[in-house]
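Novice: Just so it is clear, I am handing over model04.tsv, which has TSV, C-alpha atoms.
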chain	number	residue	atom	x	y	z
A	1	MET	CA	177.14	123.83	94.20
A	2	ALA	CA	179.34	126.92	94.08
A	3	TYR	CA	178.97	127.02	90.30
A	4	ILE	CA	175.21	127.29	90.64
A	5	TYR	CA	175.61	130.31	92.94
A	6	ILE	CA	177.97	131.93	90.45
A	7	ALA	CA	175.49	131.38	87.63
A	8	ILE	CA	172.60	132.77	89.69
A	9	ALA	CA	174.72	135.79	90.65
A	10	GLN	CA	175.37	136.49	86.97
A	11	GLY	CA	171.68	136.35	86.14
A	12	LEU	CA	170.73	138.56	89.08
A	13	PHE	CA	173.44	141.08	88.20
A	14	TYR	CA	172.00	141.34	84.68
A	15	VAL	CA	168.44	141.92	85.88
A	16	LEU	CA	169.38	144.26	88.74
A	17	SER	CA	171.54	146.34	86.42
A	18	ILE	CA	168.55	146.90	84.15
A	19	HIS	CA	166.40	148.06	87.07
A	20	LEU	CA	169.17	150.23	88.52
A	21	PHE	CA	169.73	151.99	85.22
A	22	GLU	CA	166.00	152.53	84.81
A	23	ASN	CA	165.28	153.83	88.31
A	24	TYR	CA	168.45	155.49	89.55
A	25	LEU	CA	170.42	156.71	86.55
A	26	HIS	CA	169.18	160.29	86.70
A	27	SER	CA	171.56	161.57	84.06
A	28	PHE	CA	169.60	159.75	81.35
A	29	LYS	CA	166.22	161.08	82.42
A	30	HIS	CA	164.30	163.04	79.87
A	31	PRO	CA	163.74	166.61	81.08
A	32	ASN	CA	160.03	166.47	80.31
A	33	ILE	CA	159.43	163.41	82.49
A	34	THR	CA	158.69	164.22	86.09
A	35	GLN	CA	158.93	161.98	89.12
A	36	ALA	CA	155.14	161.73	89.14
A	37	THR	CA	155.31	160.29	85.64
A	38	ILE	CA	157.76	157.51	86.39
A	39	LYS	CA	156.80	156.69	89.96
A	40	PRO	CA	153.59	155.01	91.06
A	41	ASN	CA	150.87	157.27	92.36
A	42	ASN	CA	150.56	156.46	96.05
A	43	SER	CA	147.88	159.07	96.78
A	44	LYS	CA	145.16	156.51	96.19
A	45	GLN	CA	144.79	152.78	96.23
A	46	LEU	CA	145.06	151.49	92.68
A	47	SER	CA	143.12	148.51	91.44
A	48	GLU	CA	144.96	145.55	89.95
A	49	SER	CA	144.02	146.59	86.41
A	50	GLU	CA	145.23	150.16	87.06
A	51	LYS	CA	148.50	148.83	88.44
A	52	LEU	CA	148.92	146.68	85.35
A	53	ASP	CA	148.15	149.62	83.06
A	54	GLU	CA	150.65	151.80	84.92
A	55	PHE	CA	153.30	149.08	84.73
A	56	ASN	CA	152.76	148.59	80.98
A	57	ALA	CA	152.82	152.34	80.34
A	58	ARG	CA	156.10	152.67	82.18
A	59	ARG	CA	157.56	149.63	80.44
A	60	GLN	CA	156.75	151.05	77.01
A	61	ASP	CA	158.01	154.56	77.76
A	62	PRO	CA	160.86	155.21	75.27
A	63	HIS	CA	163.09	156.93	77.83
A	64	SER	CA	162.61	154.08	80.28
A	65	ILE	CA	163.39	151.55	77.56
A	66	LYS	CA	166.50	153.51	76.61
A	67	LYS	CA	167.86	153.29	80.14
A	68	ARG	CA	167.02	149.58	80.37
A	69	VAL	CA	168.87	149.01	77.11
A	70	TYR	CA	171.94	150.74	78.53
A	71	GLY	CA	171.74	148.59	81.66
A	72	ALA	CA	171.33	145.35	79.71
A	73	THR	CA	174.17	146.16	77.32
A	74	ILE	CA	176.72	147.25	79.92
A	75	SER	CA	175.94	144.40	82.32
A	76	THR	CA	176.18	141.87	79.48
A	77	ILE	CA	179.62	143.13	78.47
A	78	ILE	CA	180.80	142.91	82.09
A	79	ILE	CA	179.33	139.44	82.65
A	80	THR	CA	180.74	138.04	79.41
A	81	ILE	CA	184.25	139.33	80.10
A	82	VAL	CA	184.22	138.25	83.75
A	83	SER	CA	182.89	134.80	82.80
A	84	PHE	CA	185.60	134.33	80.21
A	85	ILE	CA	188.31	135.34	82.69
A	86	PHE	CA	186.84	133.09	85.39
A	87	LEU	CA	186.66	130.11	83.04
A	88	LYS	CA	190.21	130.67	81.83
A	89	ILE	CA	191.63	130.99	85.34
A	90	SER	CA	189.73	128.01	86.75
A	91	HIS	CA	190.45	125.81	83.71
A	92	ASN	CA	193.84	126.98	82.53
A	93	ALA	CA	194.32	123.90	80.36
A	94	VAL	CA	191.48	124.98	78.08
A	95	SER	CA	192.64	127.06	75.11
A	96	PHE	CA	191.25	130.49	74.31
A	97	TYR	CA	189.63	129.22	71.13
A	98	SER	CA	188.02	126.31	72.98
A	99	LEU	CA	186.52	128.75	75.48
A	100	PHE	CA	185.15	130.96	72.71
A	101	GLU	CA	183.75	127.84	71.05
A	102	LEU	CA	182.24	126.65	74.31
A	103	MET	CA	180.59	130.03	74.81
A	104	GLY	CA	179.15	129.87	71.30
A	105	LEU	CA	181.16	132.87	70.14
A	106	THR	CA	182.63	131.14	67.09
A	107	PHE	CA	181.08	130.11	63.81
A	108	THR	CA	180.00	126.50	63.74
A	109	ASN	CA	181.72	123.98	61.52
A	110	GLU	CA	178.36	122.35	60.88
A	111	PRO	CA	176.09	124.88	59.13
A	112	LEU	CA	173.55	122.13	58.45
A	113	SER	CA	173.06	121.71	62.21
A	114	SER	CA	172.37	125.43	62.55
A	115	ILE	CA	169.81	125.26	59.76
A	116	LYS	CA	168.08	122.31	61.44
A	117	VAL	CA	167.88	124.19	64.75
A	118	LEU	CA	166.53	127.28	62.98
A	119	LEU	CA	163.85	125.26	61.19
A	120	MET	CA	162.89	123.48	64.40
A	121	SER	CA	162.57	126.79	66.27
A	122	SER	CA	160.60	128.35	63.42
A	123	SER	CA	158.12	125.49	63.42
A	124	VAL	CA	156.91	126.65	66.84
A	125	TYR	CA	155.33	129.66	65.13
A	126	ALA	CA	153.72	127.70	62.29
A	127	ALA	CA	150.26	127.87	63.88
A	128	SER	CA	150.29	131.66	64.32
A	129	LEU	CA	151.55	132.13	60.76
A	130	TYR	CA	148.76	129.90	59.47
A	131	TYR	CA	146.26	131.91	61.51
A	132	GLU	CA	147.43	135.13	59.84
A	133	LEU	CA	147.10	133.43	56.47
A	134	LEU	CA	143.47	132.65	57.30
A	135	LEU	CA	142.93	136.33	58.15
A	136	GLY	CA	144.06	137.31	54.68
A	137	TYR	CA	147.63	138.33	55.46
A	138	PHE	CA	150.61	136.85	53.71
A	139	PRO	CA	152.62	135.98	56.84
A	140	ILE	CA	156.19	136.71	55.80
A	141	ILE	CA	155.43	140.06	54.14
A	142	HIS	CA	153.15	141.15	56.98
A	143	GLN	CA	155.73	140.25	59.63
A	144	PHE	CA	158.52	141.97	57.72
A	145	GLN	CA	156.50	145.17	57.44
A	146	TYR	CA	155.77	145.09	61.16
A	147	PHE	CA	159.44	144.39	61.91
A	148	ARG	CA	160.60	147.27	59.70
A	149	LEU	CA	158.31	149.70	61.52
A	150	SER	CA	159.10	148.33	64.98
A	151	ILE	CA	162.88	148.64	64.82
A	152	LYS	CA	162.53	152.39	64.35
A	153	GLU	CA	161.25	152.59	67.93
A	154	TRP	CA	163.16	151.90	71.15
A	155	SER	CA	160.69	149.14	72.00
A	156	GLY	CA	161.39	147.33	68.74
A	157	PHE	CA	165.14	147.76	69.13
A	158	ARG	CA	164.84	146.24	72.61
A	159	ASN	CA	162.59	143.37	71.54
A	160	TYR	CA	164.44	142.32	68.39
A	161	PHE	CA	168.06	143.10	69.15
A	162	VAL	CA	169.09	144.01	72.69
A	163	GLY	CA	166.86	141.56	74.56
A	164	PRO	CA	167.63	138.40	72.55
A	165	ILE	CA	171.35	139.11	72.16
A	166	THR	CA	172.07	140.08	75.76
A	167	GLU	CA	169.98	137.26	77.23
A	168	GLU	CA	171.72	134.70	75.03
A	169	LEU	CA	175.14	136.04	76.00
A	170	VAL	CA	174.31	136.02	79.72
A	171	PHE	CA	172.09	132.98	80.20
A	172	ARG	CA	173.63	130.75	77.57
A	173	ALA	CA	177.11	131.87	76.52
A	174	SER	CA	178.23	132.84	80.03
A	175	ILE	CA	176.33	130.43	82.27
A	176	VAL	CA	176.24	127.15	80.32
A	177	PRO	CA	180.07	126.84	79.94
A	178	ILE	CA	180.43	127.10	83.72
A	179	PHE	CA	178.31	123.98	84.13
A	180	VAL	CA	180.01	122.20	81.22
A	181	LEU	CA	183.51	122.69	82.62
A	182	ALA	CA	182.22	121.75	86.08
A	183	ASN	CA	181.28	118.36	84.57
A	184	TYR	CA	177.53	118.72	84.96
A	185	LYS	CA	175.52	116.29	82.86
A	186	SER	CA	173.66	117.56	79.80
A	187	ILE	CA	170.28	116.86	81.35
A	188	GLU	CA	171.29	118.84	84.45
A	189	ILE	CA	172.42	121.80	82.35
A	190	GLN	CA	169.18	121.72	80.35
A	191	PHE	CA	167.29	121.96	83.62
A	192	LEU	CA	169.50	124.44	85.48
A	193	ALA	CA	170.05	127.06	82.76
A	194	PRO	CA	166.32	127.85	82.23
A	195	LEU	CA	165.77	127.61	85.99
A	196	ILE	CA	168.39	130.29	86.61
A	197	PHE	CA	166.79	132.44	83.91
A	198	GLY	CA	163.46	132.13	85.71
A	199	ILE	CA	164.97	132.86	89.13
A	200	ALA	CA	166.71	135.97	87.83
A	201	PHE	CA	163.47	137.40	86.43
A	202	LEU	CA	161.29	136.64	89.46
Show the structure stored in the file as structure tokens.
Specialist:
Amino acid sequence: MAYIYIAIAQGLFYVLSIHLFENYLHSFKHPNITQATIKPNNSKQLSESEKLDEFNARRQDPHSIKKRVYGATISTIIITIVSFIFLKISHNAVSFYSLFELMGLTFTNEPLSSIKVLLMSSSVYAASLYYELLLGYFPIIHQFQYFRLSIKEWSGFRNYFVGPITEELVFRASIVPIFVLANYKSIEIQFLAPLIFGIAFL
């Protein structure tokens, strides 16, 4: 049970770090953004739609995204290092390479397996790609053009690079090995890892 608490603590540390960097790291604030801009307006009661609009506007603000990216990156580095040290200390018999392999930080010896996983994951988006084809877009070219434009913005950098990489390192590379070395069954790990991800982002 202690391993579950450790895994939850890692996930919460990741999420809380993002919020702390966004809300309390004043040194990264843009000089043109005032407190009224980044804090909710409490002078009147906002409707649910207004609250949602305000939340989305704040979430897409480049300076807010920049601070969240810093928080996600720094917390991920800390969590990954601490997890590796914890796993090595608690399972001293496991070699360094085995730990890296267990955390998914080595290249696989079975590239065909990686290709199969990639194809299986890509098939999830087959319907949306077909829909774009019906609209007259050639899916791959259209998506590439959108991707090329998006990565020039902080929001695109967050969505395509920082978010996926840091979440994989925290919620898969750092958390899953803890359960594996604690002799949890595969079905239990498949249930617990996404559950912890959900709990962390509540």
Novice: Given all atoms listed in the file as the basis, pick out the residue of A:Ser49, A:Phe55, A:Asn92, A:Thr76 nearest to Leu16 (chain A).
Specialist: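 For Leu16 (chain A), the nearest of the given residues is A:Thr76.
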Novice: Please report as a tab-separated table every residue of region 35-137 of chain A lying within 12 Å of region 18-25 of chain A, along with the nearest atom pair and their distance in Å (one decimal), using only C-alpha atoms.
Specialist:
residue	atom	partner	partner_atom	distance
A:Gln35	CA	A:Asn23	CA	10.4
A:Ile38	CA	A:Asn23	CA	8.6
A:Lys39	CA	A:Asn23	CA	9.1
A:Arg58	CA	A:Glu22	CA	10.2
A:Arg59	CA	A:Glu22	CA	9.9
A:Asp61	CA	A:Glu22	CA	10.8
A:Pro62	CA	A:Glu22	CA	11.2
A:His63	CA	A:Glu22	CA	8.7
A:Ser64	CA	A:Glu22	CA	5.9
A:Ile65	CA	A:Glu22	CA	7.8
A:Lys66	CA	A:Glu22	CA	8.3
A:Lys67	CA	A:Glu22	CA	5.1
A:Arg68	CA	A:Ile18	CA	4.9
A:Val69	CA	A:Ile18	CA	7.4
A:Tyr70	CA	A:Phe21	CA	7.2
A:Gly71	CA	A:Ile18	CA	4.4
A:Ala72	CA	A:Ile18	CA	5.5
A:Thr73	CA	A:Ile18	CA	8.9
A:Ile74	CA	A:Ile18	CA	9.2
A:Ser75	CA	A:Ile18	CA	8.0
A:Thr76	CA	A:Ile18	CA	10.3
Novice: Take CA of Phe191 (chain A) and CA of Ile6 (chain A) and report the distance between them in Å, one decimal.
Specialist: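 Computing it gives 16.1 Å between the two atoms.
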Novice: So what do you get for CA of Gln145 (chain A) versus CA of Val162 (chain A), distance-wise?
Specialist: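 Spanning CA of Gln145 (chain A) to CA of Val162 (chain A) is a straight-line distance of 19.8 Å.
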Novice: In Å, how far is it from CA of Ile81 (chain A) to CA of Ser17 (chain A)?
Specialist: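 Separation between CA of Ile81 (chain A) and CA of Ser17 (chain A): 15.8 Å.
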Novice: Counting all atoms listed in the file, find the residues whose atoms lie at most 7 Å from (184.7, 124.2, 85.7) (file coordinates) and write them out as a count of residues only.
Specialist: 9
Novice: Extract, using only C-alpha atoms, all DNA, RNA and protein residues at most 12 Å from Leu99 (chain A), discarding same-chain residues fewer than 3 positions from it, and format them as a PyMOL selection string.
Specialist: chain A and resi 80-81+83-96+102-106+173-174+176-178+180-181
Novice: With C-alpha atoms retained, could you export that selection as a PDB file, in the coordinates of the input?
Specialist:
ATOM      1  CA  THR A  80     180.740 138.040  79.410  1.00  0.00           C
ATOM      2  CA  ILE A  81     184.250 139.330  80.100  1.00  0.00           C
ATOM      3  CA  SER A  83     182.890 134.800  82.800  1.00  0.00           C
ATOM      4  CA  PHE A  84     185.600 134.330  80.210  1.00  0.00           C
ATOM      5  CA  ILE A  85     188.310 135.340  82.690  1.00  0.00           C
ATOM      6  CA  PHE A  86     186.840 133.090  85.390  1.00  0.00           C
ATOM      7  CA  LEU A  87     186.660 130.110  83.040  1.00  0.00           C
ATOM      8  CA  LYS A  88     190.210 130.670  81.830  1.00  0.00           C
ATOM      9  CA  ILE A  89     191.630 130.990  85.340  1.00  0.00           C
ATOM     10  CA  SER A  90     189.730 128.010  86.750  1.00  0.00           C
ATOM     11  CA  HIS A  91     190.450 125.810  83.710  1.00  0.00           C
ATOM     12  CA  ASN A  92     193.840 126.980  82.530  1.00  0.00           C
ATOM     13  CA  ALA A  93     194.320 123.900  80.360  1.00  0.00           C
ATOM     14  CA  VAL A  94     191.480 124.980  78.080  1.00  0.00           C
ATOM     15  CA  SER A  95     192.640 127.060  75.110  1.00  0.00           C
ATOM     16  CA  PHE A  96     191.250 130.490  74.310  1.00  0.00           C
ATOM     17  CA  LEU A 102     182.240 126.650  74.310  1.00  0.00           C
ATOM     18  CA  MET A 103     180.590 130.030  74.810  1.00  0.00           C
ATOM     19  CA  GLY A 104     179.150 129.870  71.300  1.00  0.00           C
ATOM     20  CA  LEU A 105     181.160 132.870  70.140  1.00  0.00           C
ATOM     21  CA  THR A 106     182.630 131.140  67.090  1.00  0.00           C
ATOM     22  CA  ALA A 173     177.110 131.870  76.520  1.00  0.00           C
ATOM     23  CA  SER A 174     178.230 132.840  80.030  1.00  0.00           C
ATOM     24  CA  VAL A 176     176.240 127.150  80.320  1.00  0.00           C
ATOM     25  CA  PRO A 177     180.070 126.840  79.940  1.00  0.00           C
ATOM     26  CA  ILE A 178     180.430 127.100  83.720  1.00  0.00           C
ATOM     27  CA  VAL A 180     180.010 122.200  81.220  1.00  0.00           C
ATOM     28  CA  LEU A 181     183.510 122.690  82.620  1.00  0.00           C
TER      29      LEU A 181
END
Novice: Since fewer atoms than expected are present, regenerate N, CA and C atoms for region 61-83 of chain A and write them as a PDB file, keeping the file's coordinate frame.
Specialist:
ATOM      1  N   ASP A  61     157.511 153.193  77.889  1.00  0.00           N
ATOM      2  CA  ASP A  61     158.010 154.560  77.760  1.00  0.00           C
ATOM      3  C   ASP A  61     159.390 154.538  77.101  1.00  0.00           C
ATOM      4  N   PRO A  62     159.590 155.271  76.006  1.00  0.00           N
ATOM      5  CA  PRO A  62     160.860 155.210  75.270  1.00  0.00           C
ATOM      6  C   PRO A  62     162.083 155.549  76.109  1.00  0.00           C
ATOM      7  N   HIS A  63     161.950 156.519  77.010  1.00  0.00           N
ATOM      8  CA  HIS A  63     163.090 156.930  77.830  1.00  0.00           C
ATOM      9  C   HIS A  63     163.422 155.864  78.878  1.00  0.00           C
ATOM     10  N   SER A  64     162.398 155.186  79.361  1.00  0.00           N
ATOM     11  CA  SER A  64     162.610 154.080  80.280  1.00  0.00           C
ATOM     12  C   SER A  64     163.277 152.911  79.559  1.00  0.00           C
ATOM     13  N   ILE A  65     162.803 152.630  78.355  1.00  0.00           N
ATOM     14  CA  ILE A  65     163.390 151.550  77.560  1.00  0.00           C
ATOM     15  C   ILE A  65     164.855 151.853  77.250  1.00  0.00           C
ATOM     16  N   LYS A  66     165.135 153.103  76.936  1.00  0.00           N
ATOM     17  CA  LYS A  66     166.500 153.510  76.610  1.00  0.00           C
ATOM     18  C   LYS A  66     167.448 153.212  77.766  1.00  0.00           C
ATOM     19  N   LYS A  67     167.021 153.537  78.972  1.00  0.00           N
ATOM     20  CA  LYS A  67     167.860 153.290  80.140  1.00  0.00           C
ATOM     21  C   LYS A  67     168.015 151.794  80.415  1.00  0.00           C
ATOM     22  N   ARG A  68     166.945 151.036  80.189  1.00  0.00           N
ATOM     23  CA  ARG A  68     167.020 149.580  80.370  1.00  0.00           C
ATOM     24  C   ARG A  68     167.970 148.956  79.353  1.00  0.00           C
ATOM     25  N   VAL A  69     167.961 149.493  78.148  1.00  0.00           N
ATOM     26  CA  VAL A  69     168.870 149.010  77.110  1.00  0.00           C
ATOM     27  C   VAL A  69     170.319 149.254  77.510  1.00  0.00           C
ATOM     28  N   TYR A  70     170.592 150.446  78.052  1.00  0.00           N
ATOM     29  CA  TYR A  70     171.940 150.740  78.530  1.00  0.00           C
ATOM     30  C   TYR A  70     172.349 149.737  79.622  1.00  0.00           C
ATOM     31  N   GLY A  71     171.440 149.508  80.564  1.00  0.00           N
ATOM     32  CA  GLY A  71     171.740 148.590  81.660  1.00  0.00           C
ATOM     33  C   GLY A  71     172.003 147.179  81.170  1.00  0.00           C
ATOM     34  N   ALA A  72     171.166 146.699  80.248  1.00  0.00           N
ATOM     35  CA  ALA A  72     171.330 145.350  79.710  1.00  0.00           C
ATOM     36  C   ALA A  72     172.640 145.212  78.943  1.00  0.00           C
ATOM     37  N   THR A  73     172.959 146.218  78.146  1.00  0.00           N
ATOM     38  CA  THR A  73     174.170 146.160  77.320  1.00  0.00           C
ATOM     39  C   THR A  73     175.438 146.181  78.167  1.00  0.00           C
ATOM     40  N   ILE A  74     175.509 147.119  79.091  1.00  0.00           N
ATOM     41  CA  ILE A  74     176.720 147.250  79.920  1.00  0.00           C
ATOM     42  C   ILE A  74     176.904 146.034  80.818  1.00  0.00           C
ATOM     43  N   SER A  75     175.821 145.565  81.442  1.00  0.00           N
ATOM     44  CA  SER A  75     175.940 144.400  82.320  1.00  0.00           C
ATOM     45  C   SER A  75     176.327 143.151  81.537  1.00  0.00           C
ATOM     46  N   THR A  76     175.834 143.027  80.311  1.00  0.00           N
ATOM     47  CA  THR A  76     176.180 141.870  79.480  1.00  0.00           C
ATOM     48  C   THR A  76     177.662 141.866  79.131  1.00  0.00           C
ATOM     49  N   ILE A  77     178.183 143.026  78.784  1.00  0.00           N
ATOM     50  CA  ILE A  77     179.620 143.130  78.470  1.00  0.00           C
ATOM     51  C   ILE A  77     180.447 142.726  79.685  1.00  0.00           C
ATOM     52  N   ILE A  78     180.064 143.231  80.856  1.00  0.00           N
ATOM     53  CA  ILE A  78     180.800 142.910  82.090  1.00  0.00           C
ATOM     54  C   ILE A  78     180.723 141.424  82.392  1.00  0.00           C
ATOM     55  N   ILE A  79     179.520 140.858  82.329  1.00  0.00           N
ATOM     56  CA  ILE A  79     179.330 139.440  82.650  1.00  0.00           C
ATOM     57  C   ILE A  79     180.104 138.548  81.695  1.00  0.00           C
ATOM     58  N   THR A  80     180.054 138.860  80.406  1.00  0.00           N
ATOM     59  CA  THR A  80     180.740 138.040  79.410  1.00  0.00           C
ATOM     60  C   THR A  80     182.247 138.049  79.620  1.00  0.00           C
ATOM     61  N   ILE A  81     182.800 139.227  79.875  1.00  0.00           N
ATOM     62  CA  ILE A  81     184.250 139.330  80.100  1.00  0.00           C
ATOM     63  C   ILE A  81     184.654 138.626  81.388  1.00  0.00           C
ATOM     64  N   VAL A  82     183.906 138.870  82.462  1.00  0.00           N
ATOM     65  CA  VAL A  82     184.220 138.250  83.750  1.00  0.00           C
ATOM     66  C   VAL A  82     184.094 136.727  83.658  1.00  0.00           C
ATOM     67  N   SER A  83     183.078 136.245  82.963  1.00  0.00           N
ATOM     68  CA  SER A  83     182.890 134.800  82.800  1.00  0.00           C
ATOM     69  C   SER A  83     184.054 134.180  82.047  1.00  0.00           C
TER      70      SER A  83
END
